[in-house]
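Asks: Handing you this structure, nothing more for now.
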Amino acid sequence: MACVLLSWSVLTLATRKEVMQNLVLKTTLVLIAFNLFQAQGVLAQDVERITRRIQRLNADIERVRELAVSFKSEKALELVMRAERERNSAVALAREGKFVQANARIGVANRLLEQAAKLLLGRPLRQMRSQVRELLRRADDTVPRSQNKQALRILNKAKQNRDAAERNVAEMKVERAVEHFRVAKTLAEQAIQMASQSPVNAVDKIRDEKRKFEALKERARDAVDRSQNPQALRIFQQAVEISHKAEDALKSGHFETAKRLLNQSVLLLLRALDLASDNQDDLMTRAERALSNLQNLLNTADEAMSQNPGSGAQRLVQRAKRLEREANLALQNGSPNTALWKVDLAGRLLQRVRRLMRGGSGQRFDGRVAQELESGQADLAELESRLGPDAPRDAMVLLRMARFALDKAEQASRAGINRAALEGVLAAQRFMSKAERIATKNEAGGLASAQIEIRLHQLDAAISDVESRMSDVAPQWSVRLIESAKEIRQLAFDSFNSGNLNAANEAVQVSFELLRKSSKNINRDRN
């Protein structure tokens with residue numbers, strides 16, 4: 001029974017005192033009865049043996065009852081009550097000197113308690129096991145690249161605890177398994193944290209910032225050239241010079257300096273853009289004309305979609321329509337530069353819609369995936385630079401999720417798993433679309449923490465269900481979708497813990513969608 005019981009140490013002092021009082025009372029009654037039997041010639045060793053068994057059973061009943069109440073499990077509590085009835089029968093039989101029958105009743109009670117304990121501890125154990133697997137998968141992706149020896153040692157210890165937990169699961173030693181999983185989880189999180197702070201990962205982060213800078217630089221260059229504003233040109237050149245210094249600092253290993261210089265160069269580019277816009281008298285007229293052209297393109301896209309609907313293209317059209325509304329509002333508020341920016345982004349989305357509509361059998365699937373990846377990276381870089389560092393926290397978290405999804409899509413594409421790569425791009429588009437809605441305050445929050453926690457539990461159950469139905473010959477892309485769903489589930493969990501509920505909710509929905517698509521394939525294979 002020790003393998004399935006809640007540790008005594010987790011009970012409160014008051015509860016332990018009450019349990020001990022009950023044990024003393026019940027044991028005293030049993031011993032009084034046994035003393036009577038001793039007087040009638042019953043063997044003392046039989047009395048002592050059954051006394052110990054009933055004492056252990058009493059303690060086990062109280063522990064499992066406490067666990068059943070804690071988890072609010074009526075089924076487990078019913079099993080505990082049945083074990084109590086068997087215990088009472090055993091005591092009555094022992095008083096009559098029927099030790100064989102009493103021992104049999106004790107055995108039945110123990111089996112009932114084992115069933116209750118397995119019922120109670122099974123789900124938490126599965127959840128912890130799933131969390132550890134996801135953390136170790138993330139650690140395997142990040143820790144070796146960090147070249148941090150201490151993080152590698154901690155990761156190895158986490159894996160050792162994971163292995164010990166799995167051995168205890170096989171031996172049905174639930175409490176020990178839970179403890180090893182808990183240690184493995186803590187160590188894996190520590191290894192990931194250390195790896196994220198290593199110089200190698202710092203370089204990756206700064207290079208991400210550099211990509212944002214390059215996207216903004218091209219836009220600023222076009223605006224400055226059109227404006228012919230000498231002050232805007234001078235500030236633009238300053239920004240470029242500082243970006244070169246940032247690159248030199250990065251090569252020299254001065255990461256903080258590189259980051260500071262890069263941020264400074266971005267601010268200068270934004271200033272250059274402002275000055276370039278101030279010198280364009282026809283800016284309002286240009287924005288009105290561009291908005292009118294966009295509306296015509298949207299009408300054409302609607303007609304095409306009605307004849308050949310597609311979920312991916314439809315989502316892009318909806319994003320473009322939302323940008324058109326935002327551009328119109330910006331123009332009414334006297335912000336033509338913002339309106340032009342949104343019109344330009346909407347135009348890029350509609351270009352992708354046209355590519356998707358032309359795709360069909362005449363376009364190689366891998367070519368389409370490559371185009372979508374390229375467009376996704378461009379969209380993300382543009383959205384990151386447009387929202388800036390002052391965007392709402394949930395929006396920034398969603399942009400990081402989009403970056404994660406695109407990175408996974410690129411990995412799948414390099415491995416030749418194009419369908420999984422395309423799903424990764426679609427997931428990134430969803431994250432970007434949600435981030436944009438939050439940043440422009442077109443979508444209210446109001447999500448309850450309890451609702452998302454319930455959805456996370458439902459997602460865990462769905463992942464377990466799909467994995468249990470996954471065959472050994474399942475397509476690679478289907479396996480990748482499940483892996484991605486689990487990784488995004490971890491992103492949702494992290495966002496939930498950090499209080500970014502909108503981001504967590506979107507990640508949960510994306511994870512469910514990936515599971516649904518993979519599950520459809522599993523069901524098709526079974527049929």
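Every chain in the structure tokens takes a letter, A first, then B, and so on in the order presented; its residues are numbered from 1, and the ligands are numbered from 1 following the presented order.
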At a cut-off of 6 Å, using only C-alpha atoms, what residues contact Ile154 of chain A? Leave out same-chain residues fewer than 3 positions from it and give the result as a ChimeraX atom specification.

Replies: /A:151,157,191

Asks: Just all heavy atoms for this one: save the residues we selected as a compact mmCIF listing (two decimals), in the first residue's frame.

Replies:
```
# COMPACT_ATOMS: atom_id res chain seq x y z
N ALA A 151 24.35 23.85 -17.33
CA ALA A 151 22.98 23.56 -17.76
C ALA A 151 22.88 22.13 -18.28
O ALA A 151 21.88 21.44 -18.04
CB ALA A 151 22.55 24.55 -18.83
N LYS A 157 20.77 15.39 -14.90
CA LYS A 157 20.16 15.02 -13.63
C LYS A 157 18.63 14.95 -13.77
O LYS A 157 17.98 14.07 -13.20
CB LYS A 157 20.53 16.02 -12.54
CG LYS A 157 21.98 15.91 -12.07
CD LYS A 157 22.26 16.91 -10.95
CE LYS A 157 23.70 16.83 -10.48
NZ LYS A 157 23.99 17.81 -9.41
N ALA A 191 17.49 24.20 -16.07
CA ALA A 191 18.42 24.07 -17.20
C ALA A 191 18.02 24.99 -18.36
O ALA A 191 18.87 25.64 -18.98
CB ALA A 191 18.47 22.61 -17.67
```

Asks: May I have the residues within 10 Å of Thr257 of chain A as a ChimeraX atom specification, using only C-alpha atoms and disregarding those fewer than 5 positions away in the same chain?

Replies: /A:245-250,262-263

Asks: Filtering to N, CA and C atoms, could you give me those residues as an mmCIF file, in the first residue's frame?

Replies:
```cif
data_model
loop_
_atom_site.group_PDB
_atom_site.id
_atom_site.type_symbol
_atom_site.label_atom_id
_atom_site.label_comp_id
_atom_site.auth_asym_id
_atom_site.auth_seq_id
_atom_site.Cartn_x
_atom_site.Cartn_y
_atom_site.Cartn_z
ATOM 1 N N LYS A 245 27.966 49.810 -35.639
ATOM 2 C CA LYS A 245 28.659 49.719 -34.351
ATOM 3 C C LYS A 245 28.058 48.595 -33.499
ATOM 4 N N ALA A 246 26.751 48.446 -33.578
ATOM 5 C CA ALA A 246 26.092 47.359 -32.845
ATOM 6 C C ALA A 246 26.595 46.009 -33.332
ATOM 7 N N GLU A 247 26.768 45.886 -34.647
ATOM 8 C CA GLU A 247 27.283 44.627 -35.218
ATOM 9 C C GLU A 247 28.700 44.353 -34.730
ATOM 10 N N ASP A 248 29.524 45.397 -34.677
ATOM 11 C CA ASP A 248 30.909 45.239 -34.180
ATOM 12 C C ASP A 248 30.909 44.815 -32.710
ATOM 13 N N ALA A 249 30.025 45.428 -31.909
ATOM 14 C CA ALA A 249 29.941 45.063 -30.495
ATOM 15 C C ALA A 249 29.500 43.612 -30.329
ATOM 16 N N LEU A 250 28.607 43.178 -31.187
ATOM 17 C CA LEU A 250 28.149 41.794 -31.136
ATOM 18 C C LEU A 250 29.277 40.830 -31.450
ATOM 19 N N LEU A 262 21.579 48.902 -30.940
ATOM 20 C CA LEU A 262 20.558 48.505 -31.902
ATOM 21 C C LEU A 262 19.231 49.195 -31.597
ATOM 22 N N ASN A 263 18.881 49.257 -30.318
ATOM 23 C CA ASN A 263 17.655 49.968 -29.926
ATOM 24 C C ASN A 263 17.737 51.454 -30.288
#
```

Asks: Please determine, counting only C-alpha atoms, which residue among A:Asp46, A:Glu114, A:Glu372, A:Glu467 has the shortest atom-to-atom distance to Gly97 of chain A.

Replies: A:Asp46

Asks: Under the rule that only C-alpha atoms are counted, which of A:Val353, A:Leu275, A:Phe255, A:Arg419 is the nearest residue to Asn229 of chain A?

Replies: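 Closest to Asn229 of chain A of all the choices is A:Leu275.
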
Asks: Write out as number ranges by chain the set of residues from segment 382-418 of chain A that DSSP, computed on the backbone, places in helix (DSSP H, G or I).

Replies: A: 382-387, 393-414, 418

Asks: For Arg219 of chain A, please output as a PyMOL selection string all residues within 9 Å (counting only C-alpha atoms; exclusion window: fewer than 5 positions along the same chain).

Replies: chain A and resi 214+224+273

Asks: Could you write out the selected residues, including C-alpha atoms, as a PDB file, in the first residue's frame?

Replies:
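Produced file part13.pdb, reproduced below:
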```
ATOM      1  CA  GLU A 214      16.599  45.647 -41.373  1.00  0.00           C
ATOM      2  CA  VAL A 224      13.458  59.355 -46.914  1.00  0.00           C
ATOM      3  CA  LEU A 273      10.276  58.261 -40.843  1.00  0.00           C
TER       4      LEU A 273
END
```

Asks: So which residues touch segment 506-521 of chain A within 7 Å, counting only C-alpha atoms, skipping near sequence neighbours fewer than 2 positions away, as a PDB file with C-alpha atoms, in the first residue's frame?

Replies:
```pdb
ATOM      1  CA  ALA A 427      -0.528  28.723 -36.672  1.00  0.00           C
ATOM      2  CA  LEU A 456      -5.635  23.361 -20.283  1.00  0.00           C
ATOM      3  CA  LEU A 459      -6.193  19.869 -23.737  1.00  0.00           C
ATOM      4  CA  VAL A 466      -4.731  11.253 -29.570  1.00  0.00           C
ATOM      5  CA  SER A 478       0.690  13.716 -38.334  1.00  0.00           C
ATOM      6  CA  LEU A 481       1.397  18.005 -35.615  1.00  0.00           C
ATOM      7  CA  ILE A 482       0.962  16.222 -32.289  1.00  0.00           C
ATOM      8  CA  ALA A 485       0.413  20.748 -30.310  1.00  0.00           C
ATOM      9  CA  ILE A 488       2.335  25.019 -28.030  1.00  0.00           C
ATOM     10  CA  ARG A 489       0.429  23.633 -25.048  1.00  0.00           C
ATOM     11  CA  LEU A 491       3.662  27.869 -24.335  1.00  0.00           C
ATOM     12  CA  ALA A 492       0.039  28.227 -23.251  1.00  0.00           C
ATOM     13  CA  ASN A 502      -5.260  36.182 -23.989  1.00  0.00           C
ATOM     14  CA  ALA A 503      -2.043  34.661 -25.309  1.00  0.00           C
ATOM     15  CA  ALA A 504      -2.609  31.468 -23.310  1.00  0.00           C
ATOM     16  CA  ASN A 523      -9.464   8.176 -37.745  1.00  0.00           C
ATOM     17  CA  ARG A 524      -9.107   7.949 -41.514  1.00  0.00           C
ATOM     18  CA  ASP A 525      -6.297   5.394 -41.137  1.00  0.00           C
TER      19      ASP A 525
END
```

Asks: Take atom CA of Thr142 of chain A and atom CA of Arg403 of chain A and report the distance between them in Å, one decimal.

Replies: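 Computing it gives 15.1 Å between the two atoms.
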
Asks: At what distance in Å, to one decimal, does atom CA of Gln429 of chain A lie from atom CA of Leu316 of chain A?

Replies: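 Rounded to one decimal, the two atoms are 8.4 Å apart.
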
Asks: Which polymer residues have any atom within 8 Å of an atom of segment 161-170 of chain A, counting only C-alpha atoms, with same-chain residues fewer than 2 positions away left out, as a PyMOL selection string?

Replies: chain A and resi 132+157-159+172-174+176-181+183-184

Asks: Keeping only N, CA and C atoms, take the residues you just selected and write them out as a CSV table (one decimal), in the first residue's frame.

Replies:
```csv
chain,number,residue,atom,x,y,z
A,132,VAL,N,6.8,17.0,-17.8
A,132,VAL,CA,8.2,16.7,-17.8
A,132,VAL,C,8.7,16.3,-19.2
A,157,LYS,N,20.8,15.4,-14.9
A,157,LYS,CA,20.2,15.0,-13.6
A,157,LYS,C,18.6,15.0,-13.8
A,158,ALA,N,18.1,15.9,-14.5
A,158,ALA,CA,16.6,15.9,-14.8
A,158,ALA,C,16.2,14.6,-15.5
A,159,LYS,N,17.0,14.2,-16.4
A,159,LYS,CA,16.7,12.9,-17.2
A,159,LYS,C,16.9,11.7,-16.3
A,172,MET,N,4.5,0.5,-10.0
A,172,MET,CA,3.3,0.9,-9.3
A,172,MET,C,3.6,1.7,-8.0
A,173,LYS,N,4.8,2.3,-8.0
A,173,LYS,CA,5.2,3.1,-6.8
A,173,LYS,C,4.9,4.5,-7.1
A,174,VAL,N,3.6,4.9,-6.9
A,174,VAL,CA,3.1,6.1,-7.4
A,174,VAL,C,3.7,7.3,-6.7
A,176,ARG,N,6.6,7.6,-5.1
A,176,ARG,CA,8.0,7.8,-5.5
A,176,ARG,C,8.1,8.4,-6.9
A,177,ALA,N,7.2,7.9,-7.8
A,177,ALA,CA,7.2,8.4,-9.2
A,177,ALA,C,6.9,9.9,-9.2
A,178,VAL,N,5.9,10.3,-8.5
A,178,VAL,CA,5.5,11.7,-8.4
A,178,VAL,C,6.7,12.6,-8.0
A,179,GLU,N,7.3,12.1,-6.9
A,179,GLU,CA,8.5,12.9,-6.4
A,179,GLU,C,9.6,13.0,-7.4
A,180,HIS,N,9.9,11.9,-8.1
A,180,HIS,CA,11.0,12.0,-9.1
A,180,HIS,C,10.6,12.9,-10.3
A,181,PHE,N,9.3,12.8,-10.7
A,181,PHE,CA,8.9,13.7,-11.7
A,181,PHE,C,8.9,15.2,-11.3
A,183,VAL,N,11.0,16.5,-9.2
A,183,VAL,CA,12.4,16.9,-9.2
A,183,VAL,C,12.9,17.1,-10.6
A,184,ALA,N,12.5,16.2,-11.5
A,184,ALA,CA,12.9,16.3,-12.9
A,184,ALA,C,12.3,17.6,-13.5
```
